[in-house]
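*Asks:* Encoded as structure tokens, here's the structure I'll be asking about.
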Amino acid sequence: MSVQRGGLGRVTHIIGEGLEGRIANRHLALFGLGFVGLFFVLPILLLIPESLNLGSTTPFESYRRVANGIYVDAFVRSFLYGFVTTVVTLALAYMLSYFLAFSTERVRTAMILIIVPLWIAYIVRYFGILLFLSPAGPLADLTGFETDLLFTTPAVIIGLANVYLPFAVLPIYNSLNAIDEELVNASRVLGAGKWRTITKVIFPLSLPGLVAAGLIVFILAAGSFLGPAVLGGPNQTMIANVIAQAFLDNFNIQFASALAIVYTVLLVGLLLVFNTLFDLQEVLGNI
Amino acid sequence: MSTRTTTKLEGVTFRALITLVFAFLLLPVLIVVLTSFTQQNFPAIPQEGVSLKWYQELLADQRLLNALTVSLIVSTVSAILSAIIGTIAAIGFVRGEFPYKEQISTVMLLPMIISPVITGIALVRYFSTIQLPSGFPALILGHTVLSLPYVFLLVRSELLTYDRDLERASRVLGADPATTFRHVTGPIISPAILAGAFIAFVVSFGEFTATQFLISPGTSTVPVVIYTMLRTGLTPTINALSVVLIVVMLVLALSSRKLSST
């Protein structure tokens with residue numbers, strides 16, 4: 001090893017050394033963890049003392065405020081919309097996944113068409129739905145047909161389901177694809193009809209993928225900011241909007257932190273309840 | 001009705017349903033693109049002819065061009081950073097041996113699980129504590145953290161399928177670890193690293209929710225500008241800007257897919 005080695009040579013040398021020994025590999029992992037710890041985990045954890053505001057004359061004040069009616073409503077709404085979105089999305093995703101797994105034609109194209117929206121910014125996709133539902137929008141302009149859905153709960157659910165649909169297709173498709181075709185054939189040979197085969201063989205075997213998909217969609221939808229912000233009205237405010245409002249409009253970081261912490265605790269609590277019904281480790285293995 | 005016709009009818013109904021679901025998924029994006037070519041003053045589907053005047057409008061608007069520049073700078077720098085850090089972490093987690101490796105590796109994925117609003121307020125608060133200026137430094141660091149899990153997952157899965165015998169062969173034949181990395185390991189995993197960088201760029205380029213907390217006056221990104229414009233009223237300029245966003249994101253995402261499948 002010479003001292004004159006240039007920049008690139010030195011970098012590859014360091015990485016090469018790193019690939020060599022076990023201790024160095026552990027250090028590489030530690031470096032990644034340190035970065036996430038320092039610039040993600042620590043900032044999130046610091047919201048806890050921030051929310052308690054212990055130095056002030058009125059500690060826990062923020063938490064008392066969280067129990068207020070309008071904020072409780074926002075929590076209930078987040079989990080409710082999250083749940084309804086999950087049900088709608090899973091139904092649509094199951095159809096698409098079934099088509100992808102058991103149809104023989106143009107599956108590659110169909111798969112690309114499902115994945116492409118994942119690569120397009122949420123804001124653009126919500127904007128598209130806004131255009132669709134807008135009473136003075138292009139659809140109304142072209143067909144004369146107007147909906148009064150915009151800024152209502154169904155509009156928000158439509159938006160959330162649209163945006164998170166591709167996330168749900170992937171795990172369901174994987175679990176359907178993994179089903180041994182011989183099992184389906186056996187069911188048919190033994191005299192079960194198409195529907196009986198679906199409900200008694202295919203559906204139960206795809207359950208792990210379905211549960212994983214539901215989990216992803218629920219977490220994403222319940223925490224959505226843009227869905228209600230673009231497509232909802234004042235009565236569709238979800239928890240993310242309340243947090244943003246507390247911070248951006250009222251500059252109240254203590255209250256925003258308290259809301260964020262209560263939300264995260266509730267979400268983790270829900271996941272733990274869920275864990276007693278399904279094995280979370282196994283579910284996450286399906287993603 | 002014979003069973004044959006029932007099956008046929010079922011098939012037709014199922015196909016119709018699938019078509020509807022695809023329409024539901026894709027039409028919103030399509031309508032954004034289509035109405036960007038309108039000649040009218042609001043986003044309408046062009047009927048009498050197309051016009052590019054809203055794209056010209058875009059080129060004449062300093063604020064929008066500035067947002068585009070900011071977005072490109074932030075996404076490029078944060079993608080490079082997150083490719084480097086993500087790759088180092090992925091190598092560490094695949095090759096390193098330590099207890100609870102699997103469980104600990106989920107920490108690397110936390111930024112994609114926590115609601116971006118919470119990430120946003122946590123980061124902006126933290127950055128002001130450590131006195132990191134808002135604007136570019138905050139945006140770049142924030143986007144690096146948010147896109148890191150994607151690079152980590154991509155490079156990790158590439159390393160897991162990688163044949164370590166190639167490395168051993170290189171060593172047996174007398175190459176030192178640096179040479180082995182430069183001529184064997186590096187070339188094999190570099191498409192995955194580049195694919196990861198492209199996906200990190202895409203994630204950063206479209207991020208809105210956490211970003212709205214990190215911007216400073218003068219460093220608005222494209223999604224933030226689109227959101228602000230949406231609140232003030234519908235003009236086809238929003239469409240033109242959205243189409244630029246779509247094109248950049250799709251080109252990079254497709255390149256990434258090409259790289260990771262080869």
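A note on labels: chains of the structure tokens are A, B, ... as shown, every chain counts residues from 1, and ligands are counted from 1 in their shown order.
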With only C-alpha atoms as the counted atoms, please give the residues lying no more than 10 Å from stretch 84-88 of chain A, apart from itself and same-chain residues fewer than 3 positions off, as a VMD selection string.

*Replies:* chain A and resid 79 to 81 91 to 93 154 156 to 162 164 to 165 168 213 to 222

*Asks:* Any chance you can output those residues with N, CA and C atoms as an mmCIF file, in the first residue's frame?

*Replies:*
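The resulting file, result_39.cif, is reproduced below:
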data_model
loop_
_atom_site.group_PDB
_atom_site.id
_atom_site.type_symbol
_atom_site.label_atom_id
_atom_site.label_comp_id
_atom_site.auth_asym_id
_atom_site.auth_seq_id
_atom_site.Cartn_x
_atom_site.Cartn_y
_atom_site.Cartn_z
ATOM 1 N N PHE A 79 -57.994 6.438 12.397
ATOM 2 C CA PHE A 79 -58.053 4.978 12.451
ATOM 3 C C PHE A 79 -59.248 4.451 11.670
ATOM 4 N N LEU A 80 -60.352 5.191 11.692
ATOM 5 C CA LEU A 80 -61.539 4.766 10.949
ATOM 6 C C LEU A 80 -61.287 4.825 9.442
ATOM 7 N N TYR A 81 -60.782 5.962 8.964
ATOM 8 C CA TYR A 81 -60.478 6.087 7.535
ATOM 9 C C TYR A 81 -59.416 5.063 7.135
ATOM 10 N N ALA A 91 -59.816 -5.293 -1.286
ATOM 11 C CA ALA A 91 -60.751 -5.888 -2.242
ATOM 12 C C ALA A 91 -60.251 -5.665 -3.671
ATOM 13 N N LEU A 92 -59.887 -4.419 -3.980
ATOM 14 C CA LEU A 92 -59.399 -4.106 -5.331
ATOM 15 C C LEU A 92 -58.077 -4.822 -5.611
ATOM 16 N N ALA A 93 -57.178 -4.813 -4.611
ATOM 17 C CA ALA A 93 -55.858 -5.413 -4.805
ATOM 18 C C ALA A 93 -55.966 -6.919 -5.009
ATOM 19 N N PRO A 154 -66.012 10.280 1.330
ATOM 20 C CA PRO A 154 -65.743 9.339 0.229
ATOM 21 C C PRO A 154 -64.592 9.786 -0.674
ATOM 22 N N VAL A 156 -61.919 11.401 0.203
ATOM 23 C CA VAL A 156 -60.660 11.093 0.886
ATOM 24 C C VAL A 156 -60.365 9.591 0.781
ATOM 25 N N ILE A 157 -61.399 8.761 1.008
ATOM 26 C CA ILE A 157 -61.201 7.304 0.939
ATOM 27 C C ILE A 157 -60.792 6.893 -0.477
ATOM 28 N N ILE A 158 -61.456 7.464 -1.489
ATOM 29 C CA ILE A 158 -61.101 7.164 -2.882
ATOM 30 C C ILE A 158 -59.636 7.504 -3.128
ATOM 31 N N GLY A 159 -59.230 8.685 -2.661
ATOM 32 C CA GLY A 159 -57.845 9.117 -2.844
ATOM 33 C C GLY A 159 -56.857 8.175 -2.177
ATOM 34 N N LEU A 160 -57.129 7.846 -0.904
ATOM 35 C CA LEU A 160 -56.212 6.980 -0.164
ATOM 36 C C LEU A 160 -56.131 5.593 -0.806
ATOM 37 N N ALA A 161 -57.285 5.058 -1.183
ATOM 38 C CA ALA A 161 -57.308 3.722 -1.800
ATOM 39 C C ALA A 161 -56.537 3.733 -3.112
ATOM 40 N N ASN A 162 -56.696 4.787 -3.880
ATOM 41 C CA ASN A 162 -56.002 4.898 -5.163
ATOM 42 C C ASN A 162 -54.492 4.911 -4.970
ATOM 43 N N TYR A 164 -52.612 3.982 -2.370
ATOM 44 C CA TYR A 164 -51.940 2.863 -1.706
ATOM 45 C C TYR A 164 -52.215 1.508 -2.358
ATOM 46 N N LEU A 165 -53.042 1.484 -3.402
ATOM 47 C CA LEU A 165 -53.376 0.210 -4.060
ATOM 48 C C LEU A 165 -52.141 -0.587 -4.505
ATOM 49 N N ALA A 168 -50.493 -2.737 -1.918
ATOM 50 C CA ALA A 168 -51.230 -3.920 -1.478
ATOM 51 C C ALA A 168 -51.107 -5.059 -2.481
ATOM 52 N N ALA A 213 -50.452 -7.059 3.375
ATOM 53 C CA ALA A 213 -50.900 -5.924 2.569
ATOM 54 C C ALA A 213 -51.785 -5.000 3.396
ATOM 55 N N GLY A 214 -52.698 -5.596 4.177
ATOM 56 C CA GLY A 214 -53.607 -4.811 5.003
ATOM 57 C C GLY A 214 -52.847 -3.964 6.011
ATOM 58 N N LEU A 215 -51.817 -4.562 6.584
ATOM 59 C CA LEU A 215 -51.007 -3.862 7.584
ATOM 60 C C LEU A 215 -50.321 -2.634 6.978
ATOM 61 N N ILE A 216 -49.708 -2.836 5.801
ATOM 62 C CA ILE A 216 -49.008 -1.719 5.146
ATOM 63 C C ILE A 216 -49.994 -0.600 4.845
ATOM 64 N N VAL A 217 -51.118 -0.965 4.208
ATOM 65 C CA VAL A 217 -52.084 0.055 3.790
ATOM 66 C C VAL A 217 -52.634 0.793 5.002
ATOM 67 N N PHE A 218 -52.926 0.055 6.078
ATOM 68 C CA PHE A 218 -53.497 0.699 7.259
ATOM 69 C C PHE A 218 -52.526 1.725 7.850
ATOM 70 N N ILE A 219 -51.267 1.331 8.010
ATOM 71 C CA ILE A 219 -50.277 2.241 8.598
ATOM 72 C C ILE A 219 -50.111 3.492 7.734
ATOM 73 N N LEU A 220 -50.000 3.281 6.411
ATOM 74 C CA LEU A 220 -49.810 4.421 5.511
ATOM 75 C C LEU A 220 -51.048 5.322 5.496
ATOM 76 N N ALA A 221 -52.230 4.717 5.388
ATOM 77 C CA ALA A 221 -53.458 5.508 5.237
ATOM 78 C C ALA A 221 -53.778 6.284 6.509
ATOM 79 N N ALA A 222 -53.636 5.636 7.666
ATOM 80 C CA ALA A 222 -53.991 6.317 8.921
ATOM 81 C C ALA A 222 -53.102 7.532 9.148
#

*Asks:* Got a sec: who's within 9 Å of A:Leu47, counting only C-alpha atoms, leaving out chain neighbours fewer than 6 positions off, as a list of chain:residue names?

*Replies:*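 Counting only C-alpha atoms, the residues come to A:Ile253, A:Gln254, A:Ala256, A:Ser257, A:Ala258, A:Ala260, A:Ile261, B:Ile121, B:Ala122, B:Arg125.
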
*Asks:* Which one is closest to chain B: A:Ile115, A:Ala29, A:Ala110, A:Leu54? Count only C-alpha atoms.

*Replies:*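 The closest residue to chain B is A:Ala29.
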
*Asks:* Neighbours of A:Ala136 within 12 Å (only C-alpha atoms; same-chain residues fewer than 3 positions away dropped), as an MDAnalysis selection string?

*Replies:* (chainID A and resid 130:133 139:148 150) or (chainID B and resid 42:44 233:234)

*Asks:* Hey, what's within 7 Å of stretch 68-77 of chain B if we count only C-alpha atoms and toss same-chain stuff fewer than 2 positions away? As a list of chain:residue names, please?

*Replies:* B:Leu64, B:Leu65, B:Asn66, B:Ala79, B:Ile80, B:Leu81, B:Phe136, B:Leu139, B:Ile140, B:Phe201, B:Ser204, B:Phe205, B:Thr219, B:Ser220, B:Thr221, B:Val222

*Asks:* From the set B:Ala89, B:Ala138, B:Val94, B:Met112, which residue has the shortest atom-to-atom contact distance to chain A, counting only C-alpha atoms?

*Replies:*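 Between B:Ala89, B:Ala138, B:Val94, B:Met112, the residue approaching chain A most closely is B:Ala89.
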
*Asks:* Mind checking which residues fall within 8 Å of B:Val107, counting only C-alpha atoms, ignoring those fewer than 4 positions away in the same chain, and posting them as number ranges by chain?

*Replies:* A: 33, 36; B: 103

*Asks:* Those residues with C-alpha atoms, as a PDB file, in the first residue's frame please?

*Replies:*
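Written out: again_9.pdb:
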ATOM      1  CA  LEU A  33     -27.167   2.506  12.467  1.00  0.00           C
ATOM      2  CA  VAL A  36     -30.152   6.621  11.338  1.00  0.00           C
TER       3      VAL A  36
ATOM      4  CA  GLN B 103     -34.106  -7.375  14.552  1.00  0.00           C
TER       5      GLN B 103
END

*Asks:* Measuring atom to atom with only C-alpha atoms, identify which of B:Ala169, B:Leu26, B:Val251, B:Val225 is nearest to B:Asn239.

*Replies:*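 Among the listed residues, B:Val225 lies closest to B:Asn239.
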
*Asks:* Which residue, A:Ile202, A:Leu272, A:Ala240, A:Ala212, has the smallest gap to chain B when you use only C-alpha atoms?

*Replies:*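 Between A:Ile202, A:Leu272, A:Ala240, A:Ala212, the residue approaching chain B most closely is A:Ala240.
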
*Asks:* Between B:Ser260, B:Leu214, B:Ile45, B:Pro111, which residue has the minimum interatomic distance to B:Val124, considering only C-alpha atoms?

*Replies:*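 Under the stated criterion, the closest residue is B:Leu214.
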
*Asks:* Name the residues of stretch 64-247 of chain A that come out as alpha helix (DSSP H) in a backbone DSSP run; write them as a PyMOL selection string.

*Replies:* chain A and resi 64-66+69-102+107-115+122-133+138-143+153-177+181-189+194-197+203-222+226-231+239-247
